[in-house]
Amino acid sequence: MSTEGIEIDRMHPRTFSAIQSFAVRYGLGITLVIVWEYAARKAGSIFFPPPSDILHRAVTLWLSGPPSRLFLSGSVFQDVIPSLLRLLGGWALAVLVGVPLGILIGRSRNLSDFFNPALQFLRAIPGPALIPVFIILLGTESTMRVTLIAFGCVWPILLNTIEGTRTVDPVQLDTVKAFRIPRHARLWRIVLPAAMPKIFAGMRVSLSLAVILMVVSELVASTSGIGYRIQNAQIMFLLTDMWCGIVLLALIGYTLNWLFLKVEKRVLAWHRGARGRTATS
Amino acid sequence: MVELLQDPKFLRHVLATLHAWAVGLAFATLISVPIGILIGTSELAYKMSSPLIEFMRPIPSVALIPLGILLWGQGFSMKVILVAYAATWPILFNTVYGVHDVDPIAVQTARCFGLKQTAILRRISLPSAAPFIFTGIRISAAIGLIVVIGAELLASADSGIGSYILFVSLNGGQMDSVLAGAAIAGIIGAMINSGLGLIDRRFFGWRYLGATPS
Amino acid sequence: MLTVEQLHHAYTPEQLVAANITFDVKAGEIVSIVGPSGCGKTTLLKALAGLLKPTGGIIRFQGKIVQGVPDGLAIVFQEYGRSLLPWTTVNGNIELPLRYQPITPAECRRRIAESLQAVNLSGCGELYPWQLSGGMQQRVAIARALAYQPKLLLMDEPFASVDAQTRADLEDLVAAVQDQFGITIVLVTHDIDESVYLSDRVIVLSRPPSTVLAQVGIELPRPRDQIKTKAMQQFVEKRSEIAQMIRRPIDVEPHP
């Protein structure tokens, strides 16, 4: 690891270890990008353009707009934002339907046993298999896509919510019964918080599923969206454009996941603490 | 739907899908598990690879379908490569963390008894990590199925459930056939999931002992 | 305050846990229930709390038959870790039952402060349960029961999951609390020393299907002390008497 003229022994030890940890964390990724750049330039294959080209094209595509609009170009508003809105809209719909329904079903042992086989089946249907169904039923506009995403995402949330509701600790339930806490309060203050960790897990899985469904639904018979752009680029053999789309999707997937984890960390701070404690005590 | 199941042409489609899926999954397992073990046991490799794996994992593999079509056409190899790529990440991730996060007390106890590194690996780390690795395989199985059917759908491949559904919907749009195709895909997915679940409980049932009361 | 008449409970037709349990508890008493493992002590306590409907017998609390959880009763479980709610602070935990009582917010705050002081945890209101030690968590559970101001406090092996030193502190705490607030306490325990140390009367149950083998009155002076009281002649005598009953109940004739 080159330190370009800085004498290691004269450097503050904390700076050195900061550089060291940076290198360890990002070194592999940076090295791979550099290798890709070099190999792509040498081989000259159109299928794998060098990263610098991709970056350049990405800037042209998305960041060449007027300053008033944060430098974002028109295509961002035409494709990226609608895609994101569909994605988040479908996911939010799945949450709004899945959580209450899950709590309702989860509270009754009979109901949850009854529905379980059907739910396992519905959950296992691979999203792409349903696209033609949805197209026939709902056409090819945004409604269809949002519905498809919602339909695909609701199952992990529903199943996890049911599971979370079912496994509330009986000692906690006995405690609140003994203190004569009314039924509606039991739901809000005990069942829901107790099920939260599992509900959040379901929401996280659904989020990555939503990204997948958003892309797949836009690769078929669509007129706008990130997936459409990638598909279009494929047809017109614009490899760099296609790679731009892929990288963008990678960034979106990663960022959404990261954001979600940050929120989860705050909301479920008590859960990490409680779990950590029981491990050591 | 019953008629579909009796139609030999449809069954051939189903087999084609499952074939590509299984081969892709097998490749992914054969590659990811050994690499995952290596990364999990070396602290340095772990620190260097984690950010990368964390970054690659949320990438929707379906985004690579158009690229896959350009590179490898519309046939069997394209499907297998895409499935293998998509399946690698969950398996790799789970293997690395499964091996890395083995209970340190178990490892220390083994060292006190004089076990060498390879023995510790074989007798402590791997059995302890096995359920996680298997869970990774289960997740990959589901994702692989999504990717293969998605690829068939988009590439108008010549065989597979995805292409069958596409074909039917484009030619006359007979709702029951389309739905039946999707339903059968769902049944297959559910059966795979239950099958893997059974294996999980049979071989790794021990990890559920002492879990929270349900 | 509390009467139990011919309590009888079978989980399944083959599993008769309690055959005929009859006793009563007067206001202001501390009564312990001891017995060999499996004799249905916890079953009995849950039935007293109205959490479990016994297959036979009648329980009367303050004159009324117990059907469901009666008003004026609080319970402290053995598993404090699972009884306290991990997602809210100590204050939040104590406050929860009070929200559904007809008291003003000011009174609520006062009770929380008072109960925390009674259990010596005054500064810990804003901490989360997992940040506290086992003994402190159980104290929070006791504080929660106290703030509720019950007439009857039921405790199910409350100190079984803490270490010996903490247990001694908590026992003294319960005695002090009873003295300060005058509540009636029914305590289930498997620790004979504890039962003699704390109570006015010890009810000894037989092996399952259980009946009341004896009710042993304890006339040790109060306030009791961990070292002095346990060195007294009467303590040793009562302790042996009860221990013998539990260890070989077939030799002892049951007397009311």
# chains A, B, ... in the order shown; residues from 1 in each chain; ligands from 1

call {"tool": "residues_around", "arguments": {"residues": "A:Ser73", "least_positions_apart": "2", "cutoff": "12 Å", "atoms": "only C-alpha atoms", "output": "list in words"}}
result
Ala58, Val59, Thr60, Leu61, Trp62, Leu63, Ser64, Gly65, Pro66, Pro67, Ser68, Arg69, Leu70, Phe71, Ser75, Val76, Phe77, Gln78, Asp79, Val80 and Ile81 of chain A

call {"tool": "residues_around", "arguments": {"residues": "A:Ala233", "least_positions_apart": "6", "cutoff": "7 Å", "atoms": "only C-alpha atoms", "output": "VMD selection string"}}
result
chain A and resid 239 241 to 242

call {"tool": "write_last_selection", "arguments": {"atoms": "C-alpha atoms", "output": "tab-separated table (two decimals), in the first residue's frame"}}
result
chain	number	residue	atom	x	y	z
A	239	LEU	CA	-23.95	-1.55	-24.03
A	241	ASP	CA	-26.22	2.66	-21.48
A	242	MET	CA	-27.20	-0.77	-20.31

call {"tool": "interface_residues", "arguments": {"of": "chain A", "to": "chain C", "cutoff": "6 Å", "atoms": "only C-alpha atoms", "output": "list in words"}}
result
Val171, Gln172, Phe179, Trp270 and Ala274 of chain A

call {"tool": "write_last_selection", "arguments": {"atoms": "C-alpha atoms", "output": "compact mmCIF listing (two decimals), in the first residue's frame"}}
result
# COMPACT_ATOMS: atom_id res chain seq x y z
CA VAL A 171 -45.17 -14.73 30.31
CA GLN A 172 -45.67 -11.24 28.91
CA PHE A 179 -52.75 -6.37 35.53
CA TRP A 270 -34.17 -2.16 22.42
CA ALA A 274 -32.00 -7.11 24.99

call {"tool": "select_by_dssp", "arguments": {"residues": "stretch 64-149 of chain B", "states": "alpha helix (DSSP H)", "output": "VMD selection string"}}
result
chain B and resid 65 to 72 76 to 100 104 to 112 117 to 120 126 to 149

call {"tool": "residues_around", "arguments": {"residues": "B:Ala28", "least_positions_apart": "3", "cutoff": "8 Å", "atoms": "only C-alpha atoms", "output": "PyMOL selection string"}}
result
chain B and resi 24-25+31-32+84-85+87-88+91

call {"tool": "closest_atom_pairs", "arguments": {"of": "chain A", "to": "chain B", "cutoff": "8 Å", "atoms": "only C-alpha atoms", "output": "CSV"}}
result
residue,atom,partner,partner_atom,distance
A:Val24,CA,B:Met48,CA,5.1
A:Arg25,CA,B:Met48,CA,5.1
A:Tyr26,CA,B:Met48,CA,7.1
A:Gly27,CA,B:Met48,CA,7.0
A:Leu28,CA,B:Met48,CA,6.2
A:Gly29,CA,B:Leu52,CA,6.1
A:Phe47,CA,B:Leu71,CA,7.2
A:Gln120,CA,B:Ala190,CA,6.5
A:Phe121,CA,B:Ala190,CA,5.2
A:Leu122,CA,B:Gly186,CA,6.7
A:Arg123,CA,B:Ala190,CA,7.7
A:Ala124,CA,B:Gly189,CA,4.9
A:Ile125,CA,B:Gly186,CA,3.6
A:Pro126,CA,B:Ile146,CA,4.9
A:Gly127,CA,B:Ile146,CA,6.3
A:Pro128,CA,B:Gly150,CA,5.0
A:Ala129,CA,B:Ala182,CA,5.1
A:Leu130,CA,B:Ala182,CA,5.8
A:Pro132,CA,B:Ser169,CA,6.3
A:Val133,CA,B:Leu179,CA,6.3
A:Ile136,CA,B:Gly173,CA,7.3
A:Arg166,CA,B:Ser214,CA,6.6
A:Thr167,CA,B:Ser214,CA,4.8
A:Val168,CA,B:Ser214,CA,7.6
A:Asp169,CA,B:Pro213,CA,7.0
A:Pro170,CA,B:Pro213,CA,8.0
A:Ser208,CA,B:Pro58,CA,6.6
A:Val211,CA,B:Pro60,CA,6.7
A:Ile212,CA,B:Pro60,CA,5.3
A:Val215,CA,B:Ala63,CA,6.5
A:Val216,CA,B:Val62,CA,6.5
A:Leu219,CA,B:Leu154,CA,7.2
A:Val220,CA,B:Leu154,CA,6.8
A:Gly227,CA,B:Ala63,CA,7.4
A:Ile230,CA,B:Pro66,CA,7.2
A:Gln231,CA,B:Pro66,CA,6.2
A:Gln234,CA,B:Pro66,CA,6.0
A:Met242,CA,B:Leu67,CA,7.6
A:Ile246,CA,B:Ala63,CA,6.1
A:Leu249,CA,B:Ile59,CA,6.7
A:Ala250,CA,B:Ile59,CA,4.6
A:Leu251,CA,B:Ile59,CA,7.8
A:Gly253,CA,B:Pro58,CA,5.2
A:Tyr254,CA,B:Pro58,CA,5.5
A:Asn257,CA,B:Pro58,CA,7.3

call {"tool": "write_last_selection", "arguments": {"atoms": "N, CA and C atoms", "output": "short mmCIF file (atom, residue, chain, number, x, y, z; two decimals), in the first residue's frame"}}
result
data_model
loop_
_atom_site.label_atom_id
_atom_site.label_comp_id
_atom_site.auth_asym_id
_atom_site.auth_seq_id
_atom_site.Cartn_x
_atom_site.Cartn_y
_atom_site.Cartn_z
N VAL A 24 -8.39 -1.67 4.01
CA VAL A 24 -8.92 -3.02 4.16
C VAL A 24 -10.36 -3.09 3.69
N ARG A 25 -11.13 -2.08 4.06
CA ARG A 25 -12.54 -2.10 3.71
C ARG A 25 -12.79 -1.95 2.22
N TYR A 26 -12.14 -0.97 1.62
CA TYR A 26 -12.47 -0.65 0.24
C TYR A 26 -11.43 -1.13 -0.75
N GLY A 27 -10.32 -1.64 -0.21
CA GLY A 27 -9.22 -2.02 -1.09
C GLY A 27 -9.63 -3.01 -2.15
N LEU A 28 -10.36 -4.03 -1.74
CA LEU A 28 -10.72 -5.06 -2.69
C LEU A 28 -11.59 -4.49 -3.80
N GLY A 29 -12.59 -3.70 -3.38
CA GLY A 29 -13.49 -3.12 -4.38
C GLY A 29 -12.75 -2.22 -5.36
N PHE A 47 -18.92 -5.71 -24.82
CA PHE A 47 -19.86 -6.17 -23.81
C PHE A 47 -19.48 -5.69 -22.42
N GLN A 120 -48.15 -20.32 2.07
CA GLN A 120 -46.86 -20.84 1.63
C GLN A 120 -46.85 -21.02 0.12
N PHE A 121 -47.99 -21.47 -0.42
CA PHE A 121 -48.08 -21.65 -1.86
C PHE A 121 -47.97 -20.30 -2.57
N LEU A 122 -48.77 -19.34 -2.11
CA LEU A 122 -48.78 -18.04 -2.78
C LEU A 122 -47.43 -17.38 -2.71
N ARG A 123 -46.74 -17.57 -1.60
CA ARG A 123 -45.45 -16.94 -1.45
C ARG A 123 -44.43 -17.50 -2.40
N ALA A 124 -44.62 -18.78 -2.75
CA ALA A 124 -43.60 -19.44 -3.55
C ALA A 124 -43.74 -19.18 -5.04
N ILE A 125 -44.80 -18.52 -5.46
CA ILE A 125 -44.96 -18.26 -6.90
C ILE A 125 -43.90 -17.26 -7.33
N PRO A 126 -43.07 -17.65 -8.30
CA PRO A 126 -42.04 -16.72 -8.74
C PRO A 126 -42.66 -15.54 -9.46
N GLY A 127 -42.31 -14.34 -9.04
CA GLY A 127 -42.90 -13.12 -9.57
C GLY A 127 -43.04 -13.06 -11.08
N PRO A 128 -41.97 -13.34 -11.83
CA PRO A 128 -42.09 -13.22 -13.29
C PRO A 128 -43.21 -14.08 -13.87
N ALA A 129 -43.51 -15.20 -13.23
CA ALA A 129 -44.55 -16.06 -13.78
C ALA A 129 -45.90 -15.35 -13.78
N LEU A 130 -46.02 -14.36 -12.92
CA LEU A 130 -47.32 -13.69 -12.82
C LEU A 130 -47.47 -12.51 -13.74
N PRO A 132 -47.54 -12.07 -17.03
CA PRO A 132 -48.58 -12.15 -18.07
C PRO A 132 -49.99 -12.09 -17.48
N VAL A 133 -50.18 -12.73 -16.34
CA VAL A 133 -51.49 -12.69 -15.70
C VAL A 133 -51.90 -11.25 -15.42
N ILE A 136 -52.68 -9.22 -18.54
CA ILE A 136 -54.01 -9.48 -19.09
C ILE A 136 -55.07 -8.81 -18.23
N ARG A 166 -47.67 -14.73 16.63
CA ARG A 166 -47.90 -16.01 17.29
C ARG A 166 -46.91 -16.27 18.41
N THR A 167 -45.68 -15.74 18.24
CA THR A 167 -44.65 -16.14 19.20
C THR A 167 -44.43 -15.09 20.28
N VAL A 168 -45.46 -14.34 20.60
CA VAL A 168 -45.33 -13.42 21.73
C VAL A 168 -45.16 -14.24 23.00
N ASP A 169 -44.25 -13.82 23.85
CA ASP A 169 -43.94 -14.60 25.05
C ASP A 169 -45.17 -14.75 25.95
N PRO A 170 -45.55 -15.98 26.31
CA PRO A 170 -46.73 -16.17 27.16
C PRO A 170 -46.59 -15.51 28.53
N SER A 208 -36.11 -5.94 -0.92
CA SER A 208 -35.26 -6.39 -2.01
C SER A 208 -36.10 -7.10 -3.07
N VAL A 211 -37.52 -4.49 -5.39
CA VAL A 211 -36.60 -4.01 -6.43
C VAL A 211 -36.59 -4.99 -7.60
N ILE A 212 -36.51 -6.26 -7.28
CA ILE A 212 -36.50 -7.28 -8.34
C ILE A 212 -37.76 -7.19 -9.18
N VAL A 215 -37.91 -4.18 -11.51
CA VAL A 215 -37.10 -4.32 -12.71
C VAL A 215 -37.76 -5.28 -13.71
N VAL A 216 -38.16 -6.43 -13.21
CA VAL A 216 -38.73 -7.42 -14.12
C VAL A 216 -40.00 -6.90 -14.78
N LEU A 219 -39.15 -4.71 -17.60
CA LEU A 219 -38.45 -5.27 -18.75
C LEU A 219 -39.43 -5.79 -19.78
N VAL A 220 -40.66 -5.91 -19.39
CA VAL A 220 -41.67 -6.48 -20.29
C VAL A 220 -42.70 -5.43 -20.64
N GLY A 227 -36.01 -0.24 -15.85
CA GLY A 227 -35.98 -1.52 -16.54
C GLY A 227 -36.19 -1.34 -18.04
N ILE A 230 -33.07 -0.19 -19.68
CA ILE A 230 -32.09 -1.27 -19.85
C ILE A 230 -32.49 -2.15 -21.03
N GLN A 231 -33.76 -2.49 -21.08
CA GLN A 231 -34.26 -3.33 -22.16
C GLN A 231 -34.04 -2.64 -23.49
N GLN A 234 -30.60 -2.75 -24.56
CA GLN A 234 -30.23 -4.08 -25.04
C GLN A 234 -30.62 -4.22 -26.50
N MET A 242 -26.67 0.34 -21.09
CA MET A 242 -27.20 -0.77 -20.31
C MET A 242 -26.45 -0.92 -18.99
N ILE A 246 -27.58 -0.86 -15.03
CA ILE A 246 -27.27 -1.91 -14.05
C ILE A 246 -26.63 -1.32 -12.81
N LEU A 249 -29.13 0.47 -10.74
CA LEU A 249 -29.94 -0.45 -9.95
C LEU A 249 -29.17 -0.97 -8.75
N ALA A 250 -27.89 -1.24 -8.96
CA ALA A 250 -27.07 -1.70 -7.83
C ALA A 250 -27.08 -0.65 -6.74
N LEU A 251 -26.89 0.61 -7.14
CA LEU A 251 -26.88 1.70 -6.16
C LEU A 251 -28.22 1.82 -5.44
N GLY A 253 -30.53 -0.53 -5.04
CA GLY A 253 -30.72 -1.66 -4.15
C GLY A 253 -29.92 -1.49 -2.87
N TYR A 254 -28.66 -1.11 -3.02
CA TYR A 254 -27.79 -0.97 -1.86
C TYR A 254 -28.26 0.14 -0.94
N ASN A 257 -31.48 -0.64 0.99
CA ASN A 257 -31.18 -1.58 2.06
C ASN A 257 -30.51 -0.87 3.24
#

call {"tool": "atom_distance", "arguments": {"atom1": "atom CA of C:Ser199", "atom2": "atom CA of C:Glu219"}}
result
9.1 Å

call {"tool": "residues_around", "arguments": {"residues": "B:Gly75", "least_positions_apart": "4", "cutoff": "10 Å", "atoms": "only C-alpha atoms", "output": "JSON, numbers by chain"}}
result
{"B": [20, 69, 79, 80, 151, 152, 155, 156, 157, 158, 159]}

call {"tool": "atom_distance", "arguments": {"atom1": "atom CA of B:Gly160", "atom2": "atom CA of B:Gln74"}}
result
11.3 Å

call {"tool": "select_by_dssp", "arguments": {"residues": "stretch 31-238 of chain C", "states": "strand (DSSP E or B)", "output": "ChimeraX atom specification"}}
result
/C:31-34,56-61,64-65,73-76,152-156,184-188,201-205,210-217
